[in-house]
>>> print(open('entry.cif').read())   # mmCIF, C-alpha atoms
data_query
loop_
_atom_site.label_atom_id
_atom_site.label_comp_id
_atom_site.auth_asym_id
_atom_site.auth_seq_id
_atom_site.Cartn_x
_atom_site.Cartn_y
_atom_site.Cartn_z
CA MET I 17 0.00 0.00 0.00
CA GLU I 18 2.91 2.35 0.77
CA HIS I 19 4.26 2.10 -2.79
CA GLN I 20 0.75 2.44 -4.19
CA LEU I 21 0.12 5.55 -2.08
CA ASP I 22 3.39 7.19 -3.09
CA SER I 23 2.54 6.82 -6.77
CA ILE I 24 -0.78 8.66 -6.43
CA LEU I 25 0.30 11.39 -3.98
CA PRO I 26 0.63 14.12 -6.64
CA SER I 27 -2.94 13.54 -7.85
CA LEU I 28 -4.19 13.38 -4.24
CA ILE I 29 -2.60 16.75 -3.51
CA ASP I 30 -4.14 18.31 -6.63
CA GLU I 31 -7.61 16.95 -5.88
CA TRP I 32 -7.43 17.98 -2.22
CA GLU I 33 -6.41 21.53 -3.14
CA LYS I 34 -9.30 21.77 -5.59
CA SER I 35 -11.67 20.43 -2.94
CA GLN I 36 -10.49 22.93 -0.34
CA ASP I 37 -10.69 25.87 -2.72
CA ALA I 38 -14.27 24.91 -3.57
CA SER I 39 -15.26 24.27 0.05
CA PHE I 40 -13.78 27.56 1.27
CA PRO I 41 -14.08 30.08 -1.60
CA GLU I 42 -11.80 32.66 0.05
CA ARG I 43 -9.10 30.23 1.12
CA GLN I 44 -6.30 31.58 -1.06
CA LYS I 45 -7.15 35.18 -0.20
CA LEU I 46 -7.10 34.40 3.52
CA CYS I 47 -3.78 32.55 3.31
CA ASP I 48 -2.27 35.48 1.41
CA PHE I 49 -3.55 37.80 4.13
CA VAL I 50 -1.94 35.69 6.85
CA LEU I 51 1.39 35.97 5.00
CA ILE I 52 1.03 39.75 4.95
CA LEU I 53 0.59 39.72 8.72
CA LEU I 54 3.42 37.26 9.37
CA LYS I 55 5.91 39.35 7.42
CA ARG I 56 5.52 41.99 10.16
CA PHE I 57 7.00 39.54 12.67
CA LYS I 58 10.31 37.77 13.10
CA VAL I 59 9.22 34.30 12.00
CA LYS I 60 11.75 31.54 12.59
CA LYS I 61 9.99 28.51 14.06
CA VAL I 62 6.41 27.73 13.01
CA LEU I 63 3.82 25.18 14.11
CA ASP I 64 1.09 24.46 11.54
CA LEU I 65 -1.92 22.87 13.25
CA ALA I 66 -3.78 20.34 11.09
CA THR I 67 -1.45 21.01 8.20
CA GLY I 68 -3.44 18.92 5.70
CA SER I 69 -1.58 18.85 2.39
CA GLY I 70 0.88 21.42 3.74
CA SER I 71 -0.28 24.24 1.47
CA LEU I 72 -0.10 26.99 4.11
CA SER I 73 3.25 25.68 5.36
CA LYS I 74 4.56 25.78 1.79
CA MET I 75 3.41 29.37 1.34
CA ILE I 76 5.12 30.39 4.59
CA ILE I 77 8.37 28.58 3.81
CA THR I 78 8.62 30.05 0.30
CA ALA I 79 7.73 33.58 1.47
CA ILE I 80 9.94 33.59 4.59
CA PRO I 81 13.24 31.92 3.65
CA ASP I 82 14.76 31.71 7.14
CA CYS I 83 11.93 29.86 8.90
CA ASN I 84 11.34 26.19 9.68
CA VAL I 85 7.91 24.58 10.04
CA ILE I 86 6.52 21.59 11.91
CA GLY I 87 3.20 20.44 10.46
CA VAL I 88 0.95 18.27 12.61
CA ASP I 89 -2.10 16.32 11.49
CA PHE I 90 -4.09 13.31 12.65
CA GLU I 91 -4.55 11.59 9.29
CA PRO I 92 -1.45 9.69 8.07
CA ILE I 93 -2.33 10.17 4.40
CA MET I 94 -2.46 13.92 4.94
CA LEU I 95 1.02 13.83 6.45
CA GLU I 96 2.26 11.86 3.43
CA MET I 97 0.68 14.46 1.16
CA ALA I 98 2.29 17.31 3.09
CA ALA I 99 5.72 15.67 3.00
CA LYS I 100 5.41 15.13 -0.76
CA ASN I 101 4.13 18.67 -1.31
CA LEU I 102 7.13 20.14 0.51
CA LEU I 103 9.73 17.64 -0.65
CA LEU I 104 11.93 20.45 -1.97
CA TYR I 105 11.94 21.94 1.54
CA LYS I 106 12.39 18.73 3.52
CA HIS I 107 15.31 20.26 5.43
CA ARG I 108 12.93 22.95 6.72
CA PHE I 109 9.64 21.07 7.04
CA LEU I 110 8.89 18.25 9.45
CA THR I 111 5.62 16.35 9.97
CA LYS I 112 4.32 14.81 13.16
CA GLN I 113 1.11 12.83 13.71
CA ARG I 114 -1.03 14.40 16.41
CA ASN I 115 -4.72 14.09 17.36
CA LEU I 116 -6.05 17.41 18.66
CA LEU I 117 -8.90 15.60 20.40
CA ILE I 118 -6.45 13.90 22.77
CA PRO I 119 -5.42 15.87 25.90
CA LYS I 120 -1.70 15.15 25.52
CA TRP I 121 -1.56 15.89 21.81
CA ALA I 122 1.30 18.39 22.30
CA ASP I 123 3.59 16.04 24.24
CA GLY I 124 7.04 15.93 22.65
CA LEU I 125 6.63 19.13 20.65
CA PRO I 126 9.08 22.01 21.22
CA ASP I 127 7.92 24.83 23.48
CA ASP I 128 9.69 27.67 21.68
CA PHE I 129 7.59 28.37 18.58
CA ASP I 130 7.48 32.05 17.69
CA THR I 131 4.59 31.45 15.28
CA ILE I 132 1.59 29.12 15.30
CA VAL I 133 -0.90 29.00 12.44
CA SER I 134 -3.97 26.97 11.58
CA ALA I 135 -6.11 27.03 8.46
CA LEU I 136 -9.70 25.82 8.26
CA ALA I 137 -9.37 23.08 10.85
CA LEU I 138 -10.24 24.14 14.40
CA HIS I 139 -13.94 24.54 13.60
CA HIS I 140 -14.07 20.74 13.39
CA LEU I 141 -13.40 20.48 17.14
CA PRO I 142 -15.85 20.83 20.05
CA ASP I 143 -15.86 24.40 21.32
CA LEU I 144 -14.56 23.54 24.77
CA ARG I 145 -11.76 21.50 23.20
CA ARG I 146 -10.70 24.59 21.26
CA LYS I 147 -10.63 26.50 24.54
CA ILE I 148 -8.16 23.99 25.98
CA ILE I 149 -6.05 23.92 22.82
CA TYR I 150 -5.58 27.70 22.95
CA LYS I 151 -4.02 27.22 26.38
CA ASP I 152 -1.79 24.47 25.00
CA LEU I 153 -0.68 26.78 22.20
CA PHE I 154 0.17 29.54 24.65
CA PHE I 155 2.58 27.23 26.46
CA LEU I 156 4.11 26.00 23.18
CA MET I 157 5.09 29.57 22.27
CA LYS I 158 7.92 31.76 23.36
CA SER I 159 7.46 35.49 23.89
CA PRO I 160 7.10 37.40 21.68
CA GLY I 161 5.04 35.05 19.57
CA VAL I 162 2.02 35.23 17.30
CA PHE I 163 -0.94 32.90 16.74
CA LEU I 164 -3.06 33.30 13.60
CA CYS I 165 -6.06 31.18 12.69
CA ILE I 166 -8.04 31.05 9.46
CA ASP I 167 -11.40 29.49 10.14
CA GLU I 168 -15.15 29.39 9.79
CA VAL I 169 -17.30 30.70 12.65
CA LYS I 170 -20.98 31.03 13.40
CA SER I 171 -22.92 34.16 14.25
CA ASN I 172 -24.15 34.96 17.75
CA ILE I 173 -27.56 35.61 16.19
CA GLN I 174 -29.22 32.40 14.99
CA GLN I 175 -31.25 34.02 12.21
CA PHE I 176 -28.13 35.61 10.76
CA ASP I 177 -26.14 32.40 11.16
CA ASN I 178 -28.71 30.46 9.13
CA ALA I 179 -28.58 33.02 6.33
CA ILE I 180 -24.77 33.17 6.31
CA SER I 181 -24.45 29.36 6.32
CA GLN I 182 -26.93 29.02 3.46
CA ASN I 183 -25.07 31.65 1.43
CA LEU I 184 -21.72 29.92 1.99
CA GLU I 185 -23.15 26.51 1.13
CA GLN I 186 -24.62 27.87 -2.12
CA ALA I 187 -21.22 29.30 -3.04
CA ARG I 188 -19.60 25.94 -2.30
CA VAL I 189 -22.05 23.97 -4.41
CA GLN I 190 -21.60 26.38 -7.30
CA LEU I 191 -17.80 26.18 -7.12
CA VAL I 192 -17.83 22.38 -6.95
CA ARG I 193 -19.88 22.32 -10.13
CA GLN I 194 -17.80 24.95 -11.92
CA THR I 195 -14.41 23.43 -11.07
CA ASN I 196 -15.41 19.75 -11.06
CA ALA I 197 -13.96 19.54 -7.55
CA LYS I 198 -14.78 16.80 -5.09
CA ASP I 199 -16.53 17.54 -1.83
CA TRP I 200 -15.10 16.06 1.40
CA ILE I 201 -16.98 12.75 1.19
CA SER I 202 -16.32 12.34 -2.52
CA PHE I 203 -12.62 13.06 -2.06
CA TRP I 204 -12.07 10.40 0.59
CA ASN I 205 -14.16 7.82 -1.26
CA TRP I 206 -12.04 8.56 -4.33
CA VAL I 207 -8.88 8.04 -2.24
CA GLY I 208 -10.35 4.73 -1.07
CA ASP I 209 -11.00 3.71 -4.67
CA GLN I 210 -7.36 4.45 -5.55
CA LEU I 211 -6.20 2.28 -2.64
CA GLY I 212 -8.82 -0.45 -3.00
CA ILE I 213 -10.53 0.37 0.32
CA ASP I 214 -14.33 0.34 0.56
CA ASP I 215 -16.28 3.07 2.43
CA TYR I 216 -13.08 4.99 3.10
CA ALA I 217 -14.85 8.32 3.69
CA LEU I 218 -16.99 6.75 6.42
CA ARG I 219 -13.91 5.31 8.09
CA ILE I 220 -12.15 8.67 8.03
CA LEU I 221 -15.28 10.43 9.26
CA GLU I 222 -15.74 8.11 12.24
CA LYS I 223 -12.06 8.27 13.15
CA THR I 224 -11.47 11.98 12.67
CA TYR I 225 -14.80 13.47 13.71
CA PRO I 226 -16.42 11.31 16.40
CA LYS I 227 -19.83 12.27 17.75
CA GLY I 228 -19.90 15.75 19.26
CA THR I 229 -17.15 17.20 17.08
CA ASP I 230 -17.29 19.39 13.97
CA THR I 231 -19.00 22.23 15.82
CA LYS I 232 -18.30 25.80 14.76
CA GLY I 233 -18.01 28.34 17.56
CA THR I 234 -18.70 32.05 17.61
CA LEU I 235 -15.91 34.52 16.97
CA SER I 236 -16.60 36.27 20.27
CA ASP I 237 -16.06 33.01 22.14
CA GLN I 238 -12.78 32.30 20.33
CA LEU I 239 -11.41 35.74 21.20
CA ARG I 240 -12.49 35.32 24.81
CA TYR I 241 -10.84 31.91 25.02
CA LEU I 242 -7.59 33.38 23.68
CA ASP I 243 -7.75 36.09 26.33
CA GLU I 244 -8.34 33.51 29.05
CA ALA I 245 -5.40 31.46 27.73
CA GLY I 246 -3.08 34.43 28.27
CA PHE I 247 -2.77 35.96 24.80
CA THR I 248 -2.70 39.75 24.48
CA GLU I 249 -3.52 42.11 21.61
CA ILE I 250 -6.27 39.71 20.57
CA GLU I 251 -7.91 40.66 17.33
CA CYS I 252 -10.12 39.61 14.45
CA PHE I 253 -7.94 40.76 11.57
CA TYR I 254 -10.36 39.88 8.78
CA ARG I 255 -13.98 38.85 8.49
CA ASN I 256 -16.29 38.20 5.57
CA HIS I 257 -19.50 36.55 6.71
CA ALA I 258 -18.45 33.23 8.29
CA MET I 259 -14.80 33.33 7.22
CA VAL I 260 -12.34 34.95 9.62
CA VAL I 261 -8.69 35.45 10.48
CA TYR I 262 -8.18 35.93 14.19
CA GLY I 263 -5.41 35.50 16.71
CA GLY I 264 -3.27 37.07 19.38
CA ILE I 265 0.19 37.87 20.64
CA LYS I 266 2.14 36.31 23.49
#
>>> encode(input="entry.cif", output="structure tokens")
Amino acid sequence: MEHQLDSILPSLIDEWEKSQDASFPERQKLCDFVLILLKRFKVKKVLDLATGSGSLSKMIITAIPDCNVIGVDFEPIMLEMAAKNLLLYKHRFLTKQRNLLIPKWADGLPDDFDTIVSALALHHLPDLRRKIIYKDLFFLMKSPGVFLCIDEVKSNIQQFDNAISQNLEQARVQLVRQTNAKDWISFWNWVGDQLGIDDYALRILEKTYPKGTDTKGTLSDQLRYLDEAGFTEIECFYRNHAMVVYGGIK
């Protein structure tokens, strides 16, 4: 299976990137914005939470030549994709398997990151788990340090949240059709087909998002949790409907 996986990694990366761009229409714009912010800081040692295919890590490494990145993710195939995607930068990019749902997920990681980033991942966690993770991140960082998160949030007002969610879903459906991209379920079933594994999406879903996970939180709660974790200069740097860039300084 390892040889079989290696041979299809380039196509997996391409399909995943198409899927993510369709699922989150502003993804590239938000990643570019994070780079603009990071260039205002002295970025040397970066932690990329739920690195996926490593696309944000790759953008950071190519834009900031002196930095090194550790990308963590729970799914082994994602880590293989990230390693392949950043093969040219293997001396500056390291992957580690970590499950953010487990209390001791950060054990063994360095505690001197000056930068921590995450893109479109933390909204999959239970809200109270995110609250704990922000505290973990604070202790993984040296001072001064910066945390920036690209993510999807819900509105404090239910009527508005319904309208925003419907608008975003319509945009996603339209983009999937226009670009012939695969949605999340279709992507993982396609991966399973390549590897000869039945119902692969269901297996990934049950393993990665057990019952009670995949719950968006409000932006106000995320900023409050960061404050309670010890971060200062907490800010929402960008917002367009449900899509945000937020973070804080240590």
>>> residues_around(input="entry.cif", residues="range 196-212 of chain I", least_positions_apart="5", cutoff="7 Å", atoms="all atoms listed in the file", output="tab-separated table (two decimals) with C-alpha atoms, keeping the file's coordinate frame")
chain	number	residue	atom	x	y	z
I	34	LYS	CA	-9.30	21.77	-5.59
I	35	SER	CA	-11.67	20.43	-2.94
I	38	ALA	CA	-14.27	24.91	-3.57
I	217	ALA	CA	-14.85	8.32	3.69
>>> closest_residue(input="entry.cif", among="I:Cys165, I:Leu102, I:Met75, I:Ala137", to="Leu242 in chain I", atoms="all atoms listed in the file")
I:Cys165
>>> closest_residue(input="entry.cif", among="I:Ile180, I:Ile52, I:Ile149, I:Met94", to="Glu168 in chain I", atoms="all atoms listed in the file")
I:Ile180
>>> closest_residue(input="entry.cif", among="I:Ser236, I:Asn115, I:Ser73, I:Asn256", to="Ala99 in chain I", atoms="only C-alpha atoms")
I:Ser73
>>> residues_around(input="entry.cif", residues="range 145-148 of chain I", least_positions_apart="6", cutoff="10 Å", atoms="only C-alpha atoms", output="list in words")
Leu116, Leu117, Ile118, Pro119, Leu138, His139, Thr229, Gly233, Asp237, Gln238, Leu239, Arg240, Tyr241, Leu242, Glu244 and Ala245 of chain I
>>> atom_distance(input="entry.cif", atom1="CA of Pro142 in chain I", atom2="CA of Ser171 in chain I")
16.2 Å
>>> resolve_selection(input="entry.cif", expression="the PyMOL selection byres ((chain I and resi 263) around 8)", output="list of chain:residue names")
I:Val162, I:Phe163, I:Leu164, I:Cys165, I:Leu239, I:Leu242, I:Ile250, I:Glu251, I:Cys252, I:Phe253, I:Val261, I:Tyr262, I:Gly264, I:Ile265
>>> resolve_selection(input="entry.cif", expression="the PyMOL selection byres ((chain I and resi 64) around 8)", output="PyMOL selection string")
chain I and resi 62-63+65-67+72-73+85-88+132-134
>>> write_last_selection(input="entry.cif", atoms="C-alpha atoms", output="tab-separated table (two decimals), keeping the file's coordinate frame")
chain	number	residue	atom	x	y	z
I	62	VAL	CA	6.41	27.73	13.01
I	63	LEU	CA	3.82	25.18	14.11
I	65	LEU	CA	-1.92	22.87	13.25
I	66	ALA	CA	-3.78	20.34	11.09
I	67	THR	CA	-1.45	21.01	8.20
I	72	LEU	CA	-0.10	26.99	4.11
I	73	SER	CA	3.25	25.68	5.36
I	85	VAL	CA	7.91	24.58	10.04
I	86	ILE	CA	6.52	21.59	11.91
I	87	GLY	CA	3.20	20.44	10.46
I	88	VAL	CA	0.95	18.27	12.61
I	132	ILE	CA	1.59	29.12	15.30
I	133	VAL	CA	-0.90	29.00	12.44
I	134	SER	CA	-3.97	26.97	11.58
>>> residues_around(input="entry.cif", residues="Met259 in chain I", least_positions_apart="2", cutoff="9 Å", atoms="all atoms listed in the file", output="list in words")
Phe40, Glu42, Arg43, Leu46, Ile166, Asp167, Glu168, Val169, Tyr254, Arg255, Asn256, His257 and Val261 of chain I
>>> residues_around(input="entry.cif", residues="His107 in chain I", least_positions_apart="2", cutoff="12 Å", atoms="only C-alpha atoms", output="PyMOL selection string")
chain I and resi 77+81-86+99+102-105+109-111
>>> resolve_selection(input="entry.cif", expression="the PyMOL selection byres ((chain I and resi 95) around 9)", output="compact mmCIF listing (two decimals) with C-alpha atoms, in the frame of the given file")
# COMPACT_ATOMS: atom_id res chain seq x y z
CA THR I 67 -1.45 21.01 8.20
CA GLY I 68 -3.44 18.92 5.70
CA SER I 69 -1.58 18.85 2.39
CA GLY I 70 0.88 21.42 3.74
CA GLY I 87 3.20 20.44 10.46
CA VAL I 88 0.95 18.27 12.61
CA ASP I 89 -2.10 16.32 11.49
CA PHE I 90 -4.09 13.31 12.65
CA GLU I 91 -4.55 11.59 9.29
CA PRO I 92 -1.45 9.69 8.07
CA ILE I 93 -2.33 10.17 4.40
CA MET I 94 -2.46 13.92 4.94
CA GLU I 96 2.26 11.86 3.43
CA MET I 97 0.68 14.46 1.16
CA ALA I 98 2.29 17.31 3.09
CA ALA I 99 5.72 15.67 3.00
CA LYS I 100 5.41 15.13 -0.76
CA THR I 111 5.62 16.35 9.97
CA LYS I 112 4.32 14.81 13.16
CA GLN I 113 1.11 12.83 13.71
>>> atom_distance(input="entry.cif", atom1="CA of Pro126 in chain I", atom2="CA of Val50 in chain I")
22.7 Å
>>> atom_distance(input="entry.cif", atom1="CA of Asn178 in chain I", atom2="CA of Thr231 in chain I")
14.4 Å
>>> closest_residue(input="entry.cif", among="I:Asn101, I:Leu51, I:Lys74, I:Gln190", to="Asp30 in chain I", atoms="all atoms listed in the file")
I:Asn101
>>> closest_residue(input="entry.cif", among="I:Ser71, I:Thr78, I:Ser23, I:Thr195", to="Pro41 in chain I", atoms="only C-alpha atoms")
I:Thr195
>>> axis_aligned_box(input="entry.cif", around="range 96-105 of chain I", padding_each_side="4 Å", output="lines of an AutoDock Vina configuration file")
center_x = 6.3
center_y = 16.9
center_z = 0.7
size_x = 19.3
size_y = 18.1
size_z = 13.4
>>> decode(input="entry.cif", residues="range 152-174 of chain I", atoms="N, CA and C atoms", output="short mmCIF file (atom, residue, chain, number, x, y, z; two decimals), in the first residue's frame")
data_model
loop_
_atom_site.label_atom_id
_atom_site.label_comp_id
_atom_site.auth_asym_id
_atom_site.auth_seq_id
_atom_site.Cartn_x
_atom_site.Cartn_y
_atom_site.Cartn_z
N ASP I 152 -2.95 25.27 25.41
CA ASP I 152 -1.79 24.47 25.00
C ASP I 152 -0.87 25.28 24.09
N LEU I 153 -1.47 26.00 23.15
CA LEU I 153 -0.68 26.78 22.20
C LEU I 153 0.11 27.87 22.91
N PHE I 154 -0.51 28.48 23.90
CA PHE I 154 0.17 29.54 24.65
C PHE I 154 1.46 29.02 25.28
N PHE I 155 1.40 27.80 25.80
CA PHE I 155 2.58 27.23 26.46
C PHE I 155 3.59 26.65 25.47
N LEU I 156 3.18 26.46 24.22
CA LEU I 156 4.11 26.00 23.18
C LEU I 156 4.89 27.16 22.56
N MET I 157 4.50 28.39 22.89
CA MET I 157 5.09 29.57 22.27
C MET I 157 6.05 30.27 23.20
N LYS I 158 7.07 30.86 22.60
CA LYS I 158 7.92 31.76 23.36
C LYS I 158 7.36 33.18 23.20
N SER I 159 7.89 34.10 23.97
CA SER I 159 7.46 35.49 23.89
C SER I 159 8.62 36.35 23.37
N PRO I 160 8.39 37.17 22.35
CA PRO I 160 7.10 37.40 21.68
C PRO I 160 6.79 36.29 20.67
N GLY I 161 5.51 36.04 20.53
CA GLY I 161 5.04 35.05 19.57
C GLY I 161 3.68 35.44 19.05
N VAL I 162 3.30 34.88 17.91
CA VAL I 162 2.02 35.23 17.30
C VAL I 162 1.26 33.96 16.91
N PHE I 163 -0.04 33.98 17.17
CA PHE I 163 -0.94 32.90 16.74
C PHE I 163 -1.95 33.49 15.77
N LEU I 164 -2.09 32.87 14.60
CA LEU I 164 -3.06 33.30 13.60
C LEU I 164 -3.86 32.11 13.12
N CYS I 165 -5.16 32.28 13.07
CA CYS I 165 -6.06 31.18 12.69
C CYS I 165 -7.02 31.64 11.60
N ILE I 166 -7.03 30.89 10.51
CA ILE I 166 -8.04 31.05 9.46
C ILE I 166 -9.13 30.03 9.74
N ASP I 167 -10.37 30.47 9.84
CA ASP I 167 -11.40 29.49 10.14
C ASP I 167 -12.80 29.99 9.79
N GLU I 168 -13.74 29.11 10.02
CA GLU I 168 -15.15 29.39 9.79
C GLU I 168 -15.83 29.47 11.15
N VAL I 169 -16.62 30.51 11.37
CA VAL I 169 -17.30 30.70 12.65
C VAL I 169 -18.79 30.88 12.41
N LYS I 170 -19.55 30.78 13.49
CA LYS I 170 -20.98 31.03 13.40
C LYS I 170 -21.32 32.36 14.05
N SER I 171 -22.47 32.89 13.70
CA SER I 171 -22.92 34.16 14.25
C SER I 171 -23.54 33.96 15.63
N ASN I 172 -23.47 35.00 16.46
CA ASN I 172 -24.15 34.96 17.75
C ASN I 172 -25.66 34.99 17.59
N ILE I 173 -26.12 35.46 16.45
CA ILE I 173 -27.56 35.61 16.19
C ILE I 173 -28.00 34.49 15.25
N GLN I 174 -28.87 33.61 15.73
CA GLN I 174 -29.22 32.40 14.99
C GLN I 174 -29.78 32.69 13.61
#
